[in-house]
file upload_8.cif (mmCIF, C-alpha atoms)
data_upload
#
loop_
_atom_site.label_atom_id
_atom_site.label_comp_id
_atom_site.auth_asym_id
_atom_site.auth_seq_id
_atom_site.Cartn_x
_atom_site.Cartn_y
_atom_site.Cartn_z
CA MET F 1 7.90 -36.86 -33.23
CA LYS F 2 5.02 -36.88 -30.74
CA THR F 3 7.50 -36.46 -27.86
CA ILE F 4 9.11 -33.46 -29.53
CA LEU F 5 5.71 -31.82 -30.07
CA ASN F 6 4.79 -32.42 -26.42
CA LEU F 7 8.10 -30.93 -25.24
CA THR F 8 7.58 -27.94 -27.53
CA ALA F 9 4.08 -27.45 -26.15
CA VAL F 10 5.34 -27.64 -22.57
CA ALA F 11 8.15 -25.18 -23.30
CA THR F 12 5.72 -22.77 -24.99
CA ILE F 13 3.23 -22.97 -22.14
CA SER F 14 6.04 -22.50 -19.59
CA ALA F 15 7.30 -19.44 -21.44
CA PHE F 16 3.88 -17.84 -21.45
CA SER F 17 2.93 -18.84 -17.90
CA SER F 18 5.21 -16.15 -16.51
CA LEU F 19 3.32 -13.54 -18.48
CA SER F 20 0.12 -12.29 -16.98
CA LEU F 21 -2.78 -11.74 -19.33
CA THR F 22 -4.69 -10.01 -16.57
CA PRO F 23 -4.20 -6.25 -16.58
CA VAL F 24 -2.74 -4.86 -13.39
CA ALA F 25 -3.93 -1.46 -12.18
CA GLN F 26 -1.29 0.67 -10.51
CA ALA F 27 -2.04 3.33 -7.92
CA HIS F 28 -0.37 5.94 -10.06
CA CYS F 29 2.26 6.23 -12.70
CA GLU F 30 4.97 8.84 -12.86
CA VAL F 31 3.49 10.50 -15.92
CA PRO F 32 1.67 13.74 -15.08
CA CYS F 33 -1.61 12.55 -16.59
CA GLY F 34 -3.91 14.50 -14.28
CA ILE F 35 -6.22 11.51 -13.83
CA TYR F 36 -5.58 11.07 -10.12
CA SER F 37 -6.53 13.77 -7.68
CA ASP F 38 -5.19 14.24 -4.18
CA ASP F 39 -8.67 13.60 -2.75
CA THR F 40 -8.87 10.26 -4.57
CA VAL F 41 -5.47 9.26 -3.25
CA PHE F 42 -6.43 10.14 0.32
CA THR F 43 -9.66 8.14 -0.10
CA ASP F 44 -7.56 5.19 -1.28
CA LEU F 45 -5.29 5.54 1.75
CA HIS F 46 -8.31 5.39 4.05
CA THR F 47 -9.65 2.33 2.23
CA HIS F 48 -6.30 0.60 2.75
CA MET F 49 -6.35 1.54 6.45
CA ASP F 50 -9.90 0.22 6.86
CA THR F 51 -8.86 -3.03 5.21
CA ILE F 52 -5.82 -3.36 7.49
CA GLU F 53 -8.00 -2.77 10.54
CA LYS F 54 -10.55 -5.37 9.41
CA ALA F 55 -7.71 -7.83 8.70
CA MET F 56 -6.23 -7.30 12.17
CA GLU F 57 -9.62 -7.87 13.79
CA GLN F 58 -10.13 -11.06 11.78
CA ILE F 59 -6.64 -12.34 12.53
CA ASN F 60 -7.13 -11.73 16.24
CA GLU F 61 -10.48 -13.54 16.19
CA LEU F 62 -9.34 -16.46 14.02
CA SER F 63 -6.20 -16.90 16.15
CA LYS F 64 -8.38 -18.22 18.95
CA ASP F 65 -8.53 -21.51 17.02
CA PRO F 66 -5.55 -21.41 14.64
CA GLY F 67 -5.70 -25.07 13.66
CA LYS F 68 -9.25 -24.76 12.42
CA ASN F 69 -8.69 -21.36 10.80
CA ALA F 70 -5.19 -21.71 9.35
CA ASN F 71 -6.18 -20.98 5.74
CA GLN F 72 -8.24 -17.93 6.61
CA LEU F 73 -5.50 -16.67 8.91
CA ILE F 74 -2.98 -16.85 6.09
CA ARG F 75 -5.34 -15.04 3.73
CA TRP F 76 -5.98 -12.22 6.21
CA VAL F 77 -2.27 -11.86 6.99
CA ASN F 78 -1.47 -11.65 3.27
CA ASN F 79 -4.25 -9.11 2.78
CA LYS F 80 -2.98 -6.97 5.66
CA GLU F 81 0.55 -7.07 4.22
CA LEU F 82 -0.68 -6.13 0.75
CA HIS F 83 -2.64 -3.08 1.90
CA ALA F 84 0.17 -1.85 4.17
CA SER F 85 2.55 -2.14 1.22
CA LYS F 86 0.12 -0.18 -0.94
CA ILE F 87 0.17 2.65 1.60
CA GLN F 88 3.97 2.65 1.50
CA GLU F 89 3.87 2.66 -2.30
CA ILE F 90 1.48 5.62 -2.41
CA VAL F 91 3.72 7.57 -0.04
CA ALA F 92 6.79 6.85 -2.16
CA GLN F 93 5.35 6.96 -5.67
CA TYR F 94 2.72 9.64 -5.33
CA PHE F 95 3.69 12.01 -2.55
CA LEU F 96 7.48 11.80 -2.35
CA THR F 97 8.09 11.37 -6.07
CA GLN F 98 5.47 13.72 -7.46
CA ARG F 99 3.69 15.94 -4.97
CA VAL F 100 6.03 17.06 -2.17
CA LYS F 101 8.83 18.81 -3.97
CA PRO F 102 12.24 19.83 -2.62
CA SER F 103 11.65 23.35 -3.97
CA GLU F 104 8.99 23.78 -1.26
CA ALA F 105 11.81 24.06 1.29
CA GLU F 106 12.80 27.39 -0.28
CA LYS F 107 9.36 28.85 0.50
CA ASP F 108 8.64 27.23 3.87
CA LYS F 109 11.30 24.90 5.20
CA ASN F 110 9.35 24.00 8.36
CA SER F 111 6.25 22.96 6.41
CA TYR F 112 8.39 20.92 4.00
CA LEU F 113 10.17 19.16 6.86
CA LEU F 114 6.86 18.50 8.62
CA LYS F 115 5.46 16.86 5.47
CA LEU F 116 8.57 14.69 5.09
CA THR F 117 8.42 13.69 8.74
CA GLN F 118 4.73 12.81 8.51
CA LEU F 119 5.28 10.79 5.33
CA HIS F 120 8.15 8.93 7.00
CA ASN F 121 5.94 8.21 10.01
CA ILE F 122 3.19 6.89 7.70
CA THR F 123 5.68 4.51 6.09
CA VAL F 124 6.94 3.29 9.48
CA LEU F 125 3.42 2.84 10.85
CA ALA F 126 2.44 0.86 7.75
CA MET F 127 5.46 -1.35 8.45
CA LYS F 128 4.32 -1.80 12.07
CA CYS F 129 0.89 -2.81 10.76
CA LYS F 130 2.65 -5.54 8.78
CA GLN F 131 4.56 -6.72 11.84
CA THR F 132 1.71 -6.92 14.35
CA THR F 133 -2.03 -7.13 14.83
CA ASP F 134 -1.99 -4.33 17.40
CA LEU F 135 -4.92 -2.10 16.42
CA GLU F 136 -3.15 0.85 18.05
CA ASN F 137 -0.78 0.91 15.06
CA VAL F 138 -3.59 1.27 12.55
CA HIS F 139 -5.20 3.98 14.72
CA LYS F 140 -1.88 5.88 14.83
CA LEU F 141 -1.59 5.39 11.06
CA HIS F 142 -5.07 6.84 10.58
CA ASN F 143 -4.27 9.86 12.77
CA THR F 144 -0.93 10.45 11.03
CA ILE F 145 -2.50 10.33 7.57
CA ASP F 146 -5.19 12.78 8.71
CA ALA F 147 -2.52 15.10 10.13
CA PHE F 148 -0.51 14.85 6.91
CA ARG F 149 -3.62 15.64 4.86
CA LYS F 150 -4.15 18.85 6.86
CA THR F 151 -0.50 19.85 6.49
CA TYR F 152 -0.50 18.97 2.80
CA LYS F 153 -3.77 20.82 2.06
CA ALA F 154 -2.62 23.91 3.99
CA GLY F 155 0.12 24.38 1.41
CA LYS F 156 -2.28 24.25 -1.52
#

call {"tool": "encode", "arguments": {"input": "upload_8.cif", "output": "structure tokens"}}
result
Amino acid sequence: MKTILNLTAVATISAFSSLSLTPVAQAHCEVPCGIYSDDTVFTDLHTHMDTIEKAMEQINELSKDPGKNANQLIRWVNNKELHASKIQEIVAQYFLTQRVKPSEAEKDKNSYLLKLTQLHNITVLAMKCKQTTDLENVHKLHNTIDAFRKTYKAGK
């Protein structure tokens, strides 16, 4: 009987271990709640870029003695990946899904295409930030997001 209770307890714990009791905050949902503003989203993008830049600097410094710094290197690489992915998610979930609409092409096709091109470039640069520790990629990402912000705001 004791063995059955222990197995039941293990099965119950295993079933609940895949559930997270910690709430997870998402950058934005696809419900037009009006909580998030464009300015807040751009601030978030810049925070992610700053974090990527700091991570790259740390990775480059810690790589001078990788044996001694292996754990910290892994943590910084994971952090860099996470923040680059968050930028890609914001582009896809906020701008492409909700803010830059295909109907804009009817009014100003060139502006619409420029926004799409800039958003695509942001996504690619975020990917390059995942692939390397070349600070030039994060600087290009910063400049491209700033250029997109100007283009985006001009249409508002």

call {"tool": "residues_around", "arguments": {"input": "upload_8.cif", "residues": "Ala154 in chain F", "least_positions_apart": "4", "cutoff": "12 Å", "atoms": "all atoms listed in the file", "output": "list in words"}}
result
Asp108, Ser111, Tyr112, Leu114, Lys115, Ala147, Phe148, Arg149 and Lys150 of chain F

call {"tool": "atom_distance", "arguments": {"input": "upload_8.cif", "atom1": "CA of His48 in chain F", "atom2": "CA of His120 in chain F"}}
result
17.2 Å

call {"tool": "atom_distance", "arguments": {"input": "upload_8.cif", "atom1": "CA of Arg99 in chain F", "atom2": "CA of Thr47 in chain F"}}
result
20.4 Å

call {"tool": "atom_distance", "arguments": {"input": "upload_8.cif", "atom1": "CA of Val138 in chain F", "atom2": "CA of Val91 in chain F"}}
result
15.9 Å

call {"tool": "closest_residue", "arguments": {"input": "upload_8.cif", "among": "F:Ala70, F:Asn143, F:Ile52, F:Val41", "to": "Ala84 in chain F", "atoms": "all atoms listed in the file"}}
result
F:Ile52

call {"tool": "resolve_selection", "arguments": {"input": "upload_8.cif", "expression": "the PyMOL selection byres ((chain F and resi 129) around 8)", "output": "list in words"}}
result
Ile52, Lys80, Glu81, Ala84, Leu125, Ala126, Met127, Lys128, Lys130, Gln131, Thr132, Thr133, Asp134, Asn137 and Val138 of chain F

call {"tool": "residues_around", "arguments": {"input": "upload_8.cif", "residues": "range 63-65 of chain F", "least_positions_apart": "6", "cutoff": "12 Å", "atoms": "only C-alpha atoms", "output": "PyMOL selection string"}}
result
chain F and resi 55-57+71-74+76-77+133

call {"tool": "closest_residue", "arguments": {"input": "upload_8.cif", "among": "F:Leu119, F:Leu135, F:Val100, F:Ile145", "to": "Thr43 in chain F", "atoms": "only C-alpha atoms"}}
result
F:Ile145

call {"tool": "closest_residue", "arguments": {"input": "upload_8.cif", "among": "F:Glu61, F:Glu104, F:Thr40, F:Tyr94", "to": "Lys156 in chain F", "atoms": "only C-alpha atoms"}}
result
F:Glu104

call {"tool": "closest_residue", "arguments": {"input": "upload_8.cif", "among": "F:Gln58, F:Asn121, F:Asn110, F:Ser85", "to": "Thr144 in chain F", "atoms": "only C-alpha atoms"}}
result
F:Asn121

call {"tool": "closest_residue", "arguments": {"input": "upload_8.cif", "among": "F:Asn69, F:Gln93, F:Tyr152, F:Asp146", "to": "Met49 in chain F", "atoms": "only C-alpha atoms"}}
result
F:Asp146

call {"tool": "closest_residue", "arguments": {"input": "upload_8.cif", "among": "F:Thr51, F:Gly155, F:Pro66, F:Glu136", "to": "Lys101 in chain F", "atoms": "all atoms listed in the file"}}
result
F:Gly155

call {"tool": "axis_aligned_box", "arguments": {"input": "upload_8.cif", "around": "range 139-150 of chain F", "padding_each_side": "4 Å", "output": "JSON"}}
result
{"center_x": -2.9, "center_y": 11.4, "center_z": 9.8, "size_x": 12.7, "size_y": 22.9, "size_z": 18.0}
